[in-house]
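**Student:** Quick one, query_20.txt (compact mmCIF, C-alpha atoms and all ligand atoms):
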# COMPACT_ATOMS: atom_id res chain seq x y z
CA MET S 1 129.11 86.96 71.02
CA ASP S 2 125.84 88.08 72.58
CA TYR S 3 122.45 88.40 70.95
CA GLU S 4 123.02 92.04 69.85
CA SER S 5 126.10 91.21 67.86
CA PHE S 6 124.38 88.10 66.46
CA ILE S 7 121.73 90.50 65.15
CA ARG S 8 124.43 92.63 63.51
CA GLN S 9 126.10 89.63 61.90
CA ILE S 10 122.81 88.30 60.56
CA TYR S 11 122.11 91.74 59.12
CA ASN S 12 125.50 91.88 57.38
CA HIS S 13 125.11 88.34 56.09
CA THR S 14 121.45 88.42 54.94
CA GLY S 15 120.14 92.01 55.03
CA ILE S 16 117.47 90.86 57.52
CA ASP S 17 117.30 93.27 60.47
CA LEU S 18 116.22 91.28 63.51
CA SER S 19 116.30 94.41 65.66
CA LEU S 20 113.04 95.48 63.98
CA TYR S 21 111.27 92.41 65.39
CA LYS S 22 110.04 92.34 69.00
CA GLU S 23 113.12 91.31 70.93
CA ALA S 24 111.83 89.13 73.78
CA GLN S 25 109.83 86.85 71.46
CA MET S 26 112.50 86.55 68.80
CA LYS S 27 115.31 85.97 71.27
CA ARG S 28 113.32 83.26 73.03
CA ARG S 29 112.57 81.46 69.76
CA LEU S 30 116.13 81.64 68.48
CA THR S 31 117.71 80.70 71.80
CA SER S 32 115.60 77.57 72.03
CA LEU S 33 116.48 76.60 68.45
CA ARG S 34 120.18 77.23 69.06
CA GLU S 35 120.14 75.12 72.22
CA LYS S 36 118.20 72.36 70.46
CA ARG S 37 121.00 72.20 67.87
CA GLY S 38 123.64 72.01 70.63
CA TYR S 39 125.31 75.44 70.34
CA SER S 40 126.11 77.00 73.69
CA ASP S 41 126.27 80.61 72.44
CA PHE S 42 125.26 82.76 69.48
CA ASP S 43 128.85 83.09 68.26
CA THR S 44 129.36 79.41 67.50
CA TYR S 45 125.78 79.17 66.24
CA PHE S 46 126.38 82.00 63.76
CA ARG S 47 129.60 80.44 62.47
CA ALA S 48 127.78 77.16 61.95
CA LEU S 49 124.89 78.90 60.15
CA LYS S 50 127.30 80.45 57.68
CA LYS S 51 128.68 77.04 56.72
CA ASP S 52 125.61 74.85 56.82
CA ASP S 53 122.70 75.72 54.50
CA GLU S 54 120.34 73.36 56.21
CA LEU S 55 120.96 75.00 59.56
CA PHE S 56 120.58 78.40 57.97
CA PHE S 57 117.22 77.56 56.37
CA GLU S 58 116.02 76.14 59.65
CA PHE S 59 116.96 79.42 61.33
CA LEU S 60 115.09 81.39 58.66
CA ASP S 61 112.09 79.16 59.09
CA ARG S 62 112.02 79.67 62.83
CA MET S 63 112.42 83.41 62.67
CA THR S 64 109.72 83.93 60.06
CA ILE S 65 106.85 81.76 61.43
CA ASN S 66 104.95 80.64 58.39
CA VAL S 67 101.63 79.28 59.63
CA SER S 68 98.68 80.17 57.44
CA GLU S 69 95.40 78.74 56.19
CA PHE S 70 92.74 79.45 53.58
CA TYR S 71 90.01 81.91 54.67
CA ARG S 72 91.86 82.51 57.95
CA ASN S 73 89.29 84.14 60.30
CA ALA S 74 86.50 83.40 57.85
CA GLN S 75 84.11 86.16 59.06
CA ARG S 76 86.68 88.78 57.98
CA TRP S 77 86.78 87.41 54.44
CA GLU S 78 83.01 87.58 54.37
CA VAL S 79 83.17 91.25 55.35
CA LEU S 80 85.70 91.78 52.55
CA GLU S 81 83.45 90.06 50.03
CA LYS S 82 80.09 91.50 51.06
CA ASP S 83 80.87 94.95 52.51
CA ILE S 84 84.23 96.14 51.23
CA LEU S 85 84.65 94.88 47.67
CA PRO S 86 81.35 96.25 46.28
CA GLY S 87 82.55 99.80 47.11
CA LEU S 88 86.04 99.18 45.79
CA ILE S 89 85.08 97.77 42.42
CA LYS S 90 82.72 100.54 41.35
CA ASN S 91 83.60 101.42 37.77
CA LYS S 92 86.68 99.20 37.75
CA ARG S 93 87.40 96.35 35.41
CA ARG S 94 90.24 95.13 37.58
CA LEU S 95 91.82 95.86 40.94
CA LYS S 96 95.49 96.08 41.79
CA VAL S 97 95.87 93.80 44.80
CA TRP S 98 98.79 92.87 47.08
CA SER S 99 99.05 90.06 49.59
CA ALA S 100 102.06 91.14 51.69
CA ALA S 101 103.78 88.45 53.79
CA CYS S 102 101.84 85.75 51.95
CA SER S 103 103.69 82.76 53.41
CA THR S 104 102.74 79.47 51.70
CA GLY S 105 100.09 81.08 49.47
CA GLU S 106 96.82 80.37 51.24
CA GLU S 107 96.08 84.09 51.58
CA PRO S 108 96.63 85.23 47.95
CA TYR S 109 94.76 82.17 46.65
CA THR S 110 91.89 82.96 49.04
CA LEU S 111 91.91 86.49 47.63
CA ALA S 112 91.65 85.14 44.09
CA MET S 113 88.72 82.94 45.12
CA VAL S 114 86.90 85.84 46.79
CA LEU S 115 87.58 88.20 43.88
CA SER S 116 86.26 85.55 41.48
CA LYS S 117 82.76 86.44 42.78
CA TYR S 118 83.13 89.79 41.00
CA PHE S 119 85.73 89.36 38.25
CA ARG S 120 86.59 86.84 35.58
CA LEU S 121 89.66 84.93 36.64
CA ASN S 122 91.72 86.23 33.75
CA ASN S 123 91.06 89.76 34.97
CA ILE S 124 92.46 89.03 38.43
CA GLN S 125 96.12 89.78 39.09
CA ILE S 126 97.44 89.55 42.64
CA LEU S 127 100.96 90.34 43.75
CA ALA S 128 101.99 88.02 46.59
CA THR S 129 105.23 88.68 48.47
CA ASP S 130 107.21 87.31 51.38
CA ILE S 131 110.72 87.62 52.77
CA ASP S 132 111.14 83.85 52.72
CA GLU S 133 111.76 82.26 49.31
CA ASN S 134 111.26 78.74 50.62
CA VAL S 135 107.66 79.34 51.58
CA MET S 136 106.98 80.89 48.21
CA MET S 137 108.33 77.82 46.45
CA ARG S 138 105.70 75.85 48.33
CA ALA S 139 103.11 78.51 47.51
CA LYS S 140 103.80 78.14 43.79
CA LYS S 141 103.20 74.39 43.98
CA GLY S 142 99.79 75.07 45.55
CA VAL S 143 99.43 71.72 47.34
CA TYR S 144 97.94 71.70 50.85
CA PRO S 145 96.93 69.29 53.59
CA GLU S 146 93.25 69.05 54.45
CA ARG S 147 93.66 71.04 57.70
CA SER S 148 94.58 74.19 55.72
CA LEU S 149 91.16 74.06 54.07
CA LYS S 150 88.90 73.76 57.09
CA GLU S 151 87.41 77.26 56.64
CA VAL S 152 86.92 76.99 52.87
CA PRO S 153 83.24 77.19 51.83
CA GLU S 154 82.03 73.93 50.25
CA ASP S 155 81.21 75.42 46.83
CA ILE S 156 84.66 77.01 46.59
CA LYS S 157 86.33 73.77 47.63
CA LYS S 158 84.55 71.91 44.84
CA LYS S 159 85.30 74.57 42.27
CA TYR S 160 88.92 75.46 42.96
CA PHE S 161 90.61 72.41 44.53
CA LYS S 162 91.49 68.98 43.19
CA GLN S 163 91.84 66.29 45.83
CA GLU S 164 94.89 64.05 45.48
CA GLY S 165 95.00 61.51 48.29
CA ASN S 166 95.29 63.40 51.55
CA PHE S 167 96.24 66.61 49.78
CA TYR S 168 94.43 69.33 47.88
CA GLN S 169 95.82 71.04 44.80
CA VAL S 170 94.70 74.56 43.90
CA THR S 171 93.44 74.64 40.30
CA ASP S 172 95.64 76.20 37.61
CA ASP S 173 93.16 78.98 36.82
CA ILE S 174 93.43 80.23 40.42
CA LYS S 175 97.21 79.81 40.44
CA GLN S 176 97.45 81.96 37.32
CA CYS S 177 95.89 84.88 39.21
CA VAL S 178 98.87 85.16 41.55
CA THR S 179 102.45 86.34 40.96
CA PHE S 180 104.94 85.58 43.74
CA LYS S 181 107.91 87.82 44.43
CA LYS S 182 110.45 88.13 47.22
CA HIS S 183 109.98 91.32 49.23
CA ASN S 184 111.15 92.45 52.67
CA LEU S 185 108.58 94.79 54.22
CA LEU S 186 111.29 96.28 56.44
CA ALA S 187 113.84 97.06 53.75
CA ASP S 188 112.56 96.98 50.17
CA GLN S 189 110.77 99.59 48.06
CA TYR S 190 107.01 99.31 47.89
CA ASP S 191 105.14 99.24 44.59
CA LYS S 192 102.37 101.86 44.22
CA GLN S 193 98.73 102.37 43.21
CA PHE S 194 97.17 99.42 44.95
CA ASP S 195 93.40 99.26 45.43
CA LEU S 196 93.69 96.63 48.13
CA ILE S 197 96.57 95.55 50.38
CA VAL S 198 96.15 92.51 52.59
CA CYS S 199 98.79 92.21 55.31
CA ARG S 200 97.89 89.87 58.12
CA ASN S 201 99.67 88.18 60.99
CA VAL S 202 103.13 89.56 60.44
CA LEU S 203 103.02 93.08 61.91
CA ILE S 204 102.54 91.56 65.38
CA TYR S 205 106.16 90.42 65.21
CA PHE S 206 107.55 93.90 64.47
CA THR S 207 108.60 96.59 66.97
CA GLU S 208 106.27 99.59 67.32
CA GLU S 209 108.65 101.78 65.35
CA ALA S 210 108.98 99.29 62.52
CA LYS S 211 105.20 98.90 62.39
CA GLN S 212 104.66 102.66 62.07
CA ASN S 213 107.06 102.72 59.15
CA VAL S 214 105.24 99.90 57.41
CA TYR S 215 101.87 101.67 57.85
CA LYS S 216 103.35 104.80 56.30
CA HIS S 217 104.62 102.82 53.32
CA PHE S 218 101.31 100.99 52.92
CA SER S 219 99.43 104.28 52.95
CA GLU S 220 101.72 105.66 50.25
CA ALA S 221 101.29 102.48 48.24
CA LEU S 222 97.49 102.75 48.23
CA ASN S 223 95.34 104.69 45.76
CA ASP S 224 92.90 107.19 47.26
CA ASN S 225 90.01 105.13 48.67
CA GLY S 226 92.20 102.03 48.54
CA VAL S 227 91.81 99.59 51.42
CA LEU S 228 94.25 97.99 53.88
CA PHE S 229 93.09 94.70 55.44
CA VAL S 230 95.04 93.69 58.59
CA GLY S 231 95.10 90.65 60.86
CA SER S 232 92.70 89.95 63.70
CA THR S 233 94.96 91.24 66.48
CA GLU S 234 96.48 94.03 64.47
CA GLN S 235 94.23 97.08 64.76
CA ILE S 236 96.06 100.34 64.08
CA PHE S 237 95.93 102.68 67.10
CA ASN S 238 96.44 105.95 65.25
CA PRO S 239 95.27 105.31 61.67
CA GLN S 240 94.56 109.00 60.90
CA LYS S 241 98.27 109.71 61.25
CA PHE S 242 98.72 107.68 58.06
CA ASN S 243 95.64 109.07 56.26
CA LEU S 244 93.83 105.83 56.94
CA GLN S 245 90.19 105.88 58.09
CA PRO S 246 88.75 102.92 59.99
CA MET S 247 85.95 101.23 58.03
CA GLU S 248 84.90 97.86 59.41
CA THR S 249 87.15 96.49 62.16
CA PHE S 250 90.47 95.40 60.59
CA PHE S 251 89.80 97.41 57.39
CA TYR S 252 91.16 100.90 56.76
CA GLN S 253 90.55 103.21 53.81
CA LYS S 254 93.10 105.67 52.46
CA SER S 255 91.65 109.19 52.40
C1 LIG D 301 102.28 83.99 60.12
S1 LIG D 301 102.72 84.20 58.45
C2 LIG D 301 101.27 85.05 57.86
C3 LIG D 301 100.74 84.45 56.59
C4 LIG D 301 99.44 85.06 56.08
N1 LIG D 301 99.55 86.49 55.86
C5 LIG D 301 98.30 84.78 57.04
O1 LIG D 301 97.83 85.70 57.71
O2 LIG D 301 97.89 83.62 57.12
C6 LIG D 301 103.94 85.47 58.54
C7 LIG D 301 104.78 85.62 57.28
O3 LIG D 301 105.50 86.85 57.34
C8 LIG D 301 106.72 86.68 56.67
N2 LIG D 301 107.63 87.75 57.08
C9 LIG D 301 108.31 87.89 58.25
N3 LIG D 301 109.05 89.00 58.23
C10 LIG D 301 108.83 89.60 57.01
C11 LIG D 301 109.34 90.78 56.39
N4 LIG D 301 110.19 91.58 57.02
N5 LIG D 301 108.91 91.08 55.13
C12 LIG D 301 108.03 90.26 54.48
N6 LIG D 301 107.53 89.13 55.02
C13 LIG D 301 107.94 88.79 56.28
C14 LIG D 301 107.15 85.29 57.09
O4 LIG D 301 108.11 84.76 56.20
C15 LIG D 301 105.83 84.53 57.10
O5 LIG D 301 105.62 83.85 55.89
Before we go any further, please render this structure as structure tokens.
Ligand SMILES: C[S@@+](CC[C@H](N)C(=O)[O-])C[C@H]1O[C@@H](n2cnc3c(N)ncnc32)[C@H](O)[C@@H]1O

**Tutor:**
Amino acid sequence: MDYESFIRQIYNHTGIDLSLYKEAQMKRRLTSLREKRGYSDFDTYFRALKKDDELFFEFLDRMTINVSEFYRNAQRWEVLEKDILPGLIKNKRRLKVWSAACSTGEEPYTLAMVLSKYFRLNNIQILATDIDENVMMRAKKGVYPERSLKEVPEDIKKKYFKQEGNFYQVTDDIKQCVTFKKHNLLADQYDKQFDLIVCRNVLIYFTEEAKQNVYKHFSEALNDNGVLFVGSTEQIFNPQKFNLQPMETFFYQKS
């Protein structure tokens, strides 16, 4: 079985459509994992994946790429806090916020920490979603190694983390701001009426066509004047096509 039929089988088995991810990158990653595990072709590898959960979760892990950190690209979070949020929160007691492709939780928890500058914690409710349930189990625990916190401002670190040996635990009041849910950006329905959608460092893995579809869905999911915050290599080339106006770099407003 070649890579194309492996893609079909994975789709039938899991609902995950690998053909919507950039092929060269994905194929390289999966071929090296397959070879590392000693399977000479995708046919035998697929049959093994079906039988062996551990192998299957390893495959999922490799295809999804879960690296994240708190305040990733810290200057962008400062722009969000100082320049974007003041406009968004005018006359609002709460915002409807979505961290899409949230991985192990650093991003939605960062959002809660930034929003806490403007709202009481019990008025903050963030939806955090990812395709990978394993990473969200880790997200719910909220325990991180020190290297995930290197961009966290000192006052925030004191206020919202408890150190336990070499690890840092996010405080319960921040955890309570976030609801985790499984969601596939390439297949599932999108919720609506968001004021802010944060989706960073996942669209780079999608094909151009898949990306355009996701932008369309994000635009429909935003309220008028709602904001989409994307990753640092993920500028949208034709935002107007989706009724999105560039604001600051990496921020777009629905018009
Ligand atoms: C590199 S992480 C980004 C984490 C975080 N947004 C950040 O910028 O630090 C990419 C995440 O996208 C998720 N992902 C991949 N394909 C997805 C899909 N089709 N729908 C939802 N999430 C997906 C992966 O599971 C992974 O957790």

**Student:** Could you list, as a VMD selection string, all the residues within 9 Å of ligand LIG 301 (chain D), counting only C-alpha atoms and all ligand atoms?

**Tutor:** chain S and resid 16 to 18 20 to 21 60 to 61 63 to 72 99 to 108 129 to 136 182 to 188 198 to 203 205 to 206 230 to 232

**Student:** Mind checking which residues fall within 10 Å of S:Tyr252, counting all atoms listed in the file, ignoring those fewer than 5 positions away in the same chain, and posting them as a list in words?

**Tutor:**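 Final neighbour list, sorted by chain and number: Leu196, Ile197, Ser219, Asn225, Gly226, Val227, Leu228, Phe229, Val230, Gln235, Ile236, Pro239, Gln240, Asn243, Leu244, Gln245, Pro246 and Met247 of chain S.
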
**Student:** Find the distance between atom CA of S:Ala24 and atom CA of S:Ser5 and write it in Å to one decimal.

**Tutor:**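 If I compute the distance from atom CA of S:Ala24 to atom CA of S:Ser5, I get 15.6 Å.
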
**Student:** Tell me, as a PyMOL selection string, which residues lie within 12 Å of S:Pro86, counting only C-alpha atoms; anything in the same chain fewer than 6 positions away does not count.

**Tutor:** chain S and resi 78-80+92+95+114-115+117-119

**Student:** Output C-alpha atoms for every residue in that selection, as a tab-separated table (two decimals), in the frame of the given file.

**Tutor:**
chain	number	residue	atom	x	y	z
S	78	GLU	CA	83.01	87.58	54.37
S	79	VAL	CA	83.17	91.25	55.35
S	80	LEU	CA	85.70	91.78	52.55
S	92	LYS	CA	86.68	99.20	37.75
S	95	LEU	CA	91.82	95.86	40.94
S	114	VAL	CA	86.90	85.84	46.79
S	115	LEU	CA	87.58	88.20	43.88
S	117	LYS	CA	82.76	86.44	42.78
S	118	TYR	CA	83.13	89.79	41.00
S	119	PHE	CA	85.73	89.36	38.25

**Student:** Looking at S:Lys150, S:Lys175, S:Arg138, S:Arg76, which one is nearest to S:Phe250, with distances taken over all atoms listed in the file?

**Tutor:**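 Closest to S:Phe250 of all the choices is S:Arg76.
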
**Student:** With all atoms listed in the file as the counted atoms, please give the residues lying no more than 10 Å from S:Phe161, apart from itself and same-chain residues fewer than 4 positions off, as a list of chain:residue names.

**Tutor:** S:Gly142, S:Val143, S:Tyr144, S:Leu149, S:Ile156, S:Lys157, S:Phe167, S:Tyr168, S:Gln169, S:Val170, S:Thr171, S:Asp172, S:Ile174

**Student:** Nearest to S:Asn238: which of S:Glu208, S:Asp43, S:Glu35, S:Glu220 is it, counting only C-alpha atoms?

**Tutor:** S:Glu208

**Student:** Let me make sure I understand: among S:Phe59, S:Glu234, S:Glu248, S:Asn12, which one has the smallest atom-to-atom distance to S:Lys211 if we use only C-alpha atoms?

**Tutor:**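 For S:Lys211, the nearest of the given residues is S:Glu234.
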
**Student:** Since the input lacks some atoms of stretch 84-101 of chain S, please model N, CA, C and O atoms and print them as an mmCIF file, in the coordinates of the input.

**Tutor:**
data_model
loop_
_atom_site.group_PDB
_atom_site.id
_atom_site.type_symbol
_atom_site.label_atom_id
_atom_site.label_comp_id
_atom_site.auth_asym_id
_atom_site.auth_seq_id
_atom_site.Cartn_x
_atom_site.Cartn_y
_atom_site.Cartn_z
ATOM 1 N N ILE S 84 83.125 95.278 51.675
ATOM 2 C CA ILE S 84 84.230 96.140 51.230
ATOM 3 C C ILE S 84 84.366 96.141 49.708
ATOM 4 O O ILE S 84 84.427 97.189 49.072
ATOM 5 N N LEU S 85 84.385 94.953 49.116
ATOM 6 C CA LEU S 85 84.650 94.880 47.670
ATOM 7 C C LEU S 85 83.609 95.623 46.828
ATOM 8 O O LEU S 85 83.996 96.310 45.875
ATOM 9 N N PRO S 86 82.307 95.541 47.149
ATOM 10 C CA PRO S 86 81.350 96.250 46.280
ATOM 11 C C PRO S 86 81.696 97.729 46.129
ATOM 12 O O PRO S 86 81.600 98.276 45.025
ATOM 13 N N GLY S 87 82.152 98.386 47.196
ATOM 14 C CA GLY S 87 82.550 99.800 47.110
ATOM 15 C C GLY S 87 83.824 99.974 46.302
ATOM 16 O O GLY S 87 83.956 100.920 45.532
ATOM 17 N N LEU S 88 84.739 99.048 46.453
ATOM 18 C CA LEU S 88 86.040 99.180 45.790
ATOM 19 C C LEU S 88 85.966 98.989 44.271
ATOM 20 O O LEU S 88 86.751 99.574 43.535
ATOM 21 N N ILE S 89 85.040 98.149 43.843
ATOM 22 C CA ILE S 89 85.080 97.770 42.420
ATOM 23 C C ILE S 89 84.235 98.664 41.525
ATOM 24 O O ILE S 89 84.223 98.488 40.309
ATOM 25 N N LYS S 90 83.559 99.644 42.156
ATOM 26 C CA LYS S 90 82.720 100.540 41.350
ATOM 27 C C LYS S 90 83.526 101.073 40.170
ATOM 28 O O LYS S 90 84.610 101.630 40.334
ATOM 29 N N ASN S 91 82.977 100.902 38.992
ATOM 30 C CA ASN S 91 83.600 101.420 37.770
ATOM 31 C C ASN S 91 84.993 100.869 37.472
ATOM 32 O O ASN S 91 85.776 101.495 36.777
ATOM 33 N N LYS S 92 85.336 99.726 38.032
ATOM 34 C CA LYS S 92 86.680 99.200 37.750
ATOM 35 C C LYS S 92 86.573 97.844 37.076
ATOM 36 O O LYS S 92 85.788 97.009 37.503
ATOM 37 N N ARG S 93 87.391 97.649 36.066
ATOM 38 C CA ARG S 93 87.400 96.350 35.410
ATOM 39 C C ARG S 93 88.357 95.399 36.107
ATOM 40 O O ARG S 93 88.251 94.198 36.027
ATOM 41 N N ARG S 94 89.340 95.961 36.779
ATOM 42 C CA ARG S 94 90.240 95.130 37.580
ATOM 43 C C ARG S 94 90.794 95.930 38.751
ATOM 44 O O ARG S 94 90.794 97.154 38.744
ATOM 45 N N LEU S 95 91.243 95.207 39.777
ATOM 46 C CA LEU S 95 91.820 95.860 40.940
ATOM 47 C C LEU S 95 93.295 95.506 41.008
ATOM 48 O O LEU S 95 93.693 94.403 40.609
ATOM 49 N N LYS S 96 94.086 96.409 41.536
ATOM 50 C CA LYS S 96 95.490 96.080 41.790
ATOM 51 C C LYS S 96 95.586 95.663 43.263
ATOM 52 O O LYS S 96 95.311 96.460 44.164
ATOM 53 N N VAL S 97 95.981 94.405 43.470
ATOM 54 C CA VAL S 97 95.870 93.800 44.800
ATOM 55 C C VAL S 97 97.206 93.222 45.235
ATOM 56 O O VAL S 97 97.921 92.626 44.429
ATOM 57 N N TRP S 98 97.517 93.363 46.535
ATOM 58 C CA TRP S 98 98.790 92.870 47.080
ATOM 59 C C TRP S 98 98.545 92.066 48.354
ATOM 60 O O TRP S 98 97.922 92.564 49.280
ATOM 61 N N SER S 99 99.022 90.858 48.365
ATOM 62 C CA SER S 99 99.050 90.060 49.590
ATOM 63 C C SER S 99 100.489 90.109 50.107
ATOM 64 O O SER S 99 101.382 89.460 49.569
ATOM 65 N N ALA S 100 100.700 90.912 51.175
ATOM 66 C CA ALA S 100 102.060 91.140 51.690
ATOM 67 C C ALA S 100 102.324 90.201 52.854
ATOM 68 O O ALA S 100 101.508 90.111 53.764
ATOM 69 N N ALA S 101 103.464 89.501 52.813
ATOM 70 C CA ALA S 101 103.780 88.450 53.790
ATOM 71 C C ALA S 101 102.807 87.279 53.606
ATOM 72 O O ALA S 101 102.065 86.887 54.499
#
